[in-house]
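Engineer: I'd like to ask you about the structure that follows.
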Amino acid sequence: MNAVNLIKQRQLGEDTRLGFTDHLYAAMVRKGIITFRDDKQLEKGGEIAQELPKAIEESLGAVVILSENYASSAWCLDELNIILESNKVLGREVFPVFYGVSPCDVQDQAKSFAEAFRKHERRLNLERVQKWRDSLKEVGHIPGWESKNCQ
């Protein structure tokens, strides 16, 4: 089993990947935390890699970075479902980081989240979309860190 490890951070666009997430990843590695990062060799819009659920299961916890573009990615939302389900079954911790969004925006799927879900509902299975909504509501209620409160 890995130390504490999962950085969840594959958003559409570059809203966190090349800045905040890189710094967090580097800080965790410097502290000796074995860290799995899901951004290697991922196809935009592709299916979740087979190794990802295994990495989630083997992790002691997951850092989920929720940004403005997070809900635009079906990939991110599917991964969040896997993280929350695995962590319920295995008793792992989930550590949300609300990067440029508030927990209320995530819970209520407001602002950019609302627009993303309107698009998903027009083109995808509504049962799948409802699972995503439930997962965002759940992670939005988990105490985490808000970037606007950190300087």
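Letters for chains follow the order of the structure tokens (A, B, ...), residue numbers begin at 1 for each chain, and ligand numbers begin at 1 in the order shown.
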Wanna dump the segment 74-145 of chain A-segment 57-62 of chain A contacts at 8 Å for me, each residue with its shortest atom pair and the distance in Å to one decimal, counting only C-alpha atoms, ordered by chain and number, as a Markdown table?
Structural biologist:
```
| residue | atom | partner | partner_atom | distance |
| --- | --- | --- | --- | --- |
| A:Ile83 | CA | A:Ala62 | CA | 7.2 |
| A:Ser86 | CA | A:Glu57 | CA | 6.1 |
| A:Asn87 | CA | A:Gly61 | CA | 7.6 |
| A:Leu90 | CA | A:Glu57 | CA | 7.5 |
| A:Arg92 | CA | A:Gly61 | CA | 5.2 |
| A:Glu93 | CA | A:Gly61 | CA | 4.5 |
| A:Val94 | CA | A:Ala62 | CA | 4.9 |
| A:Phe95 | CA | A:Ala62 | CA | 6.0 |
```
Engineer: Determine the nearest neighbour of Ser112 of chain A from the options A:Ala71, A:Ile34, A:Ala27, A:Ile65, counting only C-alpha atoms.
Structural biologist: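 Closest to Ser112 of chain A, using only C-alpha atoms: A:Ala71.
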Engineer: Just want the 9 Å neighbourhood of Ala116 of chain A, counted on only C-alpha atoms, with same-chain residues fewer than 6 positions away dropped. Output as a ChimeraX atom specification.
Structural biologist: /A:69-73,109
Engineer: Env of segment 143-149 of chain A: 7 Å cut, atoms = only C-alpha atoms, seq-sep filter 6 positions within chain, self excluded. Answer as a VMD selection string.
Structural biologist: chain A and resid 95 to 100 102
Engineer: Where in segment 25-143 of chain A does DSSP assign helix (DSSP H, G or I), given as a PyMOL selection string?
Structural biologist: chain A and resi 25-30+51-58+70-72+74-90+103-108+112-123+126-140
Engineer: Residues of segment 30-93 of chain A classed as strand (DSSP E) by DSSP on the backbone are to be reported as a PDB file with N, CA and C atoms, in the first residue's frame.
Structural biologist:
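Saved the output as selection.pdb:
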```
ATOM      1  N   PHE A  36       0.872   9.145  -6.281  1.00  0.00           N
ATOM      2  CA  PHE A  36       0.444   8.773  -7.623  1.00  0.00           C
ATOM      3  C   PHE A  36      -0.214   9.993  -8.238  1.00  0.00           C
ATOM      4  N   ARG A  37       0.172  10.313  -9.439  1.00  0.00           N
ATOM      5  CA  ARG A  37      -0.395  11.464 -10.119  1.00  0.00           C
ATOM      6  C   ARG A  37      -0.992  10.994 -11.426  1.00  0.00           C
ATOM      7  N   GLY A  61      -5.238   7.666   0.868  1.00  0.00           N
ATOM      8  CA  GLY A  61      -6.130   8.803   0.755  1.00  0.00           C
ATOM      9  C   GLY A  61      -6.055   9.408  -0.624  1.00  0.00           C
ATOM     10  N   ALA A  62      -6.936  10.359  -0.859  1.00  0.00           N
ATOM     11  CA  ALA A  62      -6.981  11.035  -2.158  1.00  0.00           C
ATOM     12  C   ALA A  62      -7.123  12.532  -1.943  1.00  0.00           C
ATOM     13  N   VAL A  63      -6.291  13.290  -2.639  1.00  0.00           N
ATOM     14  CA  VAL A  63      -6.427  14.734  -2.686  1.00  0.00           C
ATOM     15  C   VAL A  63      -7.193  15.031  -3.967  1.00  0.00           C
ATOM     16  N   VAL A  64      -8.363  15.620  -3.831  1.00  0.00           N
ATOM     17  CA  VAL A  64      -9.205  15.940  -4.985  1.00  0.00           C
ATOM     18  C   VAL A  64      -9.200  17.450  -5.154  1.00  0.00           C
ATOM     19  N   ILE A  65      -8.647  17.918  -6.255  1.00  0.00           N
ATOM     20  CA  ILE A  65      -8.558  19.351  -6.504  1.00  0.00           C
ATOM     21  C   ILE A  65      -9.724  19.747  -7.407  1.00  0.00           C
ATOM     22  N   LEU A  66     -10.660  20.468  -6.816  1.00  0.00           N
ATOM     23  CA  LEU A  66     -11.876  20.879  -7.511  1.00  0.00           C
ATOM     24  C   LEU A  66     -11.708  22.313  -7.979  1.00  0.00           C
ATOM     25  N   GLU A  93      -9.254   8.242   3.404  1.00  0.00           N
ATOM     26  CA  GLU A  93      -9.594   9.657   3.555  1.00  0.00           C
ATOM     27  C   GLU A  93      -9.646  10.345   2.198  1.00  0.00           C
TER      28      GLU A  93
END
```
Engineer: With a distance cut-off of 12 Å and only C-alpha atoms, select the neighbouring residues of Arg128 of chain A, excluding the residue or stretch itself and same-chain residues fewer than 6 positions from it, and output the selection as a CSV table (one decimal) with all heavy atoms, in the first residue's frame.
Structural biologist:
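Produced file out.csv, reproduced below:
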```
chain,number,residue,atom,x,y,z
A,74,ALA,N,-15.9,14.6,-18.0
A,74,ALA,CA,-16.5,13.4,-17.7
A,74,ALA,C,-15.5,12.5,-17.0
A,74,ALA,O,-15.8,11.7,-16.1
A,74,ALA,CB,-17.1,12.7,-18.9
A,75,TRP,N,-14.2,12.5,-17.5
A,75,TRP,CA,-13.1,11.7,-16.9
A,75,TRP,C,-12.9,12.0,-15.4
A,75,TRP,O,-12.9,11.1,-14.6
A,75,TRP,CB,-11.9,12.1,-17.7
A,75,TRP,CG,-10.9,11.0,-17.7
A,75,TRP,CD1,-10.6,10.1,-18.7
A,75,TRP,CD2,-9.9,10.7,-16.7
A,75,TRP,NE1,-9.6,9.2,-18.4
A,75,TRP,CE2,-9.2,9.6,-17.1
A,75,TRP,CE3,-9.6,11.2,-15.4
A,75,TRP,CZ2,-8.1,9.0,-16.3
A,75,TRP,CZ3,-8.6,10.7,-14.7
A,75,TRP,CH2,-7.9,9.6,-15.1
A,77,LEU,N,-15.1,13.4,-13.4
A,77,LEU,CA,-16.3,13.0,-12.6
A,77,LEU,C,-16.3,11.5,-12.4
A,77,LEU,O,-16.7,11.0,-11.3
A,77,LEU,CB,-17.5,13.5,-13.3
A,77,LEU,CG,-17.6,15.1,-13.3
A,77,LEU,CD1,-18.6,15.6,-14.3
A,77,LEU,CD2,-17.8,15.6,-11.9
A,78,ASP,N,-16.0,10.7,-13.4
A,78,ASP,CA,-15.9,9.3,-13.3
A,78,ASP,C,-14.9,8.9,-12.2
A,78,ASP,O,-15.1,8.0,-11.4
A,78,ASP,CB,-15.6,8.6,-14.6
A,78,ASP,CG,-16.7,8.5,-15.6
A,78,ASP,OD1,-17.9,8.6,-15.1
A,78,ASP,OD2,-16.5,8.3,-16.8
A,81,ASN,N,-16.1,9.4,-8.8
A,81,ASN,CA,-17.0,8.3,-8.3
A,81,ASN,C,-16.2,7.2,-7.8
A,81,ASN,O,-16.5,6.6,-6.8
A,81,ASN,CB,-17.9,7.9,-9.5
A,81,ASN,CG,-19.0,8.8,-9.8
A,81,ASN,OD1,-19.4,9.7,-9.1
A,81,ASN,ND2,-19.6,8.6,-11.0
A,117,PHE,N,-23.0,20.7,-16.3
A,117,PHE,CA,-24.0,19.7,-16.2
A,117,PHE,C,-25.1,19.9,-17.2
A,117,PHE,O,-25.7,18.9,-17.7
A,117,PHE,CB,-24.6,19.7,-14.8
A,117,PHE,CG,-23.8,18.8,-13.9
A,117,PHE,CD1,-22.9,19.3,-13.0
A,117,PHE,CD2,-23.8,17.4,-14.0
A,117,PHE,CE1,-22.1,18.5,-12.2
A,117,PHE,CE2,-23.1,16.6,-13.2
A,117,PHE,CZ,-22.2,17.1,-12.3
A,120,HIS,N,-23.6,18.1,-20.1
A,120,HIS,CA,-23.6,16.6,-19.9
A,120,HIS,C,-25.0,16.1,-20.1
A,120,HIS,O,-25.1,15.0,-20.7
A,120,HIS,CB,-23.1,16.3,-18.5
A,120,HIS,CG,-21.6,16.6,-18.3
A,120,HIS,ND1,-20.6,16.3,-19.2
A,120,HIS,CD2,-21.0,17.1,-17.2
A,120,HIS,CE1,-19.5,16.6,-18.7
A,120,HIS,NE2,-19.6,17.2,-17.5
A,121,GLU,N,-26.0,16.7,-19.6
A,121,GLU,CA,-27.4,16.2,-19.6
A,121,GLU,C,-27.9,16.1,-21.0
A,121,GLU,O,-28.8,15.3,-21.3
A,121,GLU,CB,-28.3,17.0,-18.7
A,121,GLU,CG,-28.0,16.7,-17.2
A,121,GLU,CD,-28.7,17.6,-16.3
A,121,GLU,OE1,-29.1,18.7,-16.7
A,121,GLU,OE2,-28.8,17.2,-15.1
A,134,ASP,N,-24.4,13.5,-7.4
A,134,ASP,CA,-24.3,12.9,-6.0
A,134,ASP,C,-22.9,13.0,-5.5
A,134,ASP,O,-22.7,13.3,-4.3
A,134,ASP,CB,-24.9,11.5,-6.0
A,134,ASP,CG,-26.4,11.5,-6.3
A,134,ASP,OD1,-27.1,12.5,-6.3
A,134,ASP,OD2,-26.8,10.3,-6.6
A,135,SER,N,-21.9,12.6,-6.3
A,135,SER,CA,-20.5,12.6,-5.9
A,135,SER,C,-20.0,14.0,-5.6
A,135,SER,O,-19.3,14.2,-4.6
A,135,SER,CB,-19.6,12.0,-6.9
A,135,SER,OG,-19.9,10.6,-7.0
```
Engineer: I'd like the interatomic distance between atom CA of Leu136 of chain A and atom CA of Val29 of chain A, to a tenth of an Å.
Structural biologist: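 Distance reported for this atom pair: 27.7 Å.
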Engineer: Give me the residues within 9 Å of Tyr25 of chain A as an MDAnalysis selection string, counting only C-alpha atoms and dropping any in the same chain fewer than 5 places off.
Structural biologist: chainID A and resid 7 20 30 35 37
Engineer: Dump N, CA and C atoms for the selected residues as a PDB file, in the first residue's frame?
Structural biologist:
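So again-v6.pdb came out as:
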```pdb
ATOM      1  N   ILE A   7      -3.096  12.274  -6.158  1.00  0.00           N
ATOM      2  CA  ILE A   7      -3.458  13.638  -6.529  1.00  0.00           C
ATOM      3  C   ILE A   7      -4.390  13.522  -7.715  1.00  0.00           C
ATOM      4  N   PHE A  20      -0.630  25.130  -9.309  1.00  0.00           N
ATOM      5  CA  PHE A  20      -0.934  24.646  -7.966  1.00  0.00           C
ATOM      6  C   PHE A  20      -0.628  23.160  -7.796  1.00  0.00           C
ATOM      7  N   ARG A  30       8.807  15.953  -1.677  1.00  0.00           N
ATOM      8  CA  ARG A  30       9.899  16.402  -0.789  1.00  0.00           C
ATOM      9  C   ARG A  30       9.717  15.883   0.636  1.00  0.00           C
ATOM     10  N   THR A  35       3.472   9.402  -4.010  1.00  0.00           N
ATOM     11  CA  THR A  35       2.341  10.078  -4.624  1.00  0.00           C
ATOM     12  C   THR A  35       2.088   9.568  -6.028  1.00  0.00           C
ATOM     13  N   ARG A  37       0.172  10.313  -9.439  1.00  0.00           N
ATOM     14  CA  ARG A  37      -0.395  11.464 -10.119  1.00  0.00           C
ATOM     15  C   ARG A  37      -0.992  10.994 -11.426  1.00  0.00           C
TER      16      ARG A  37
END
```
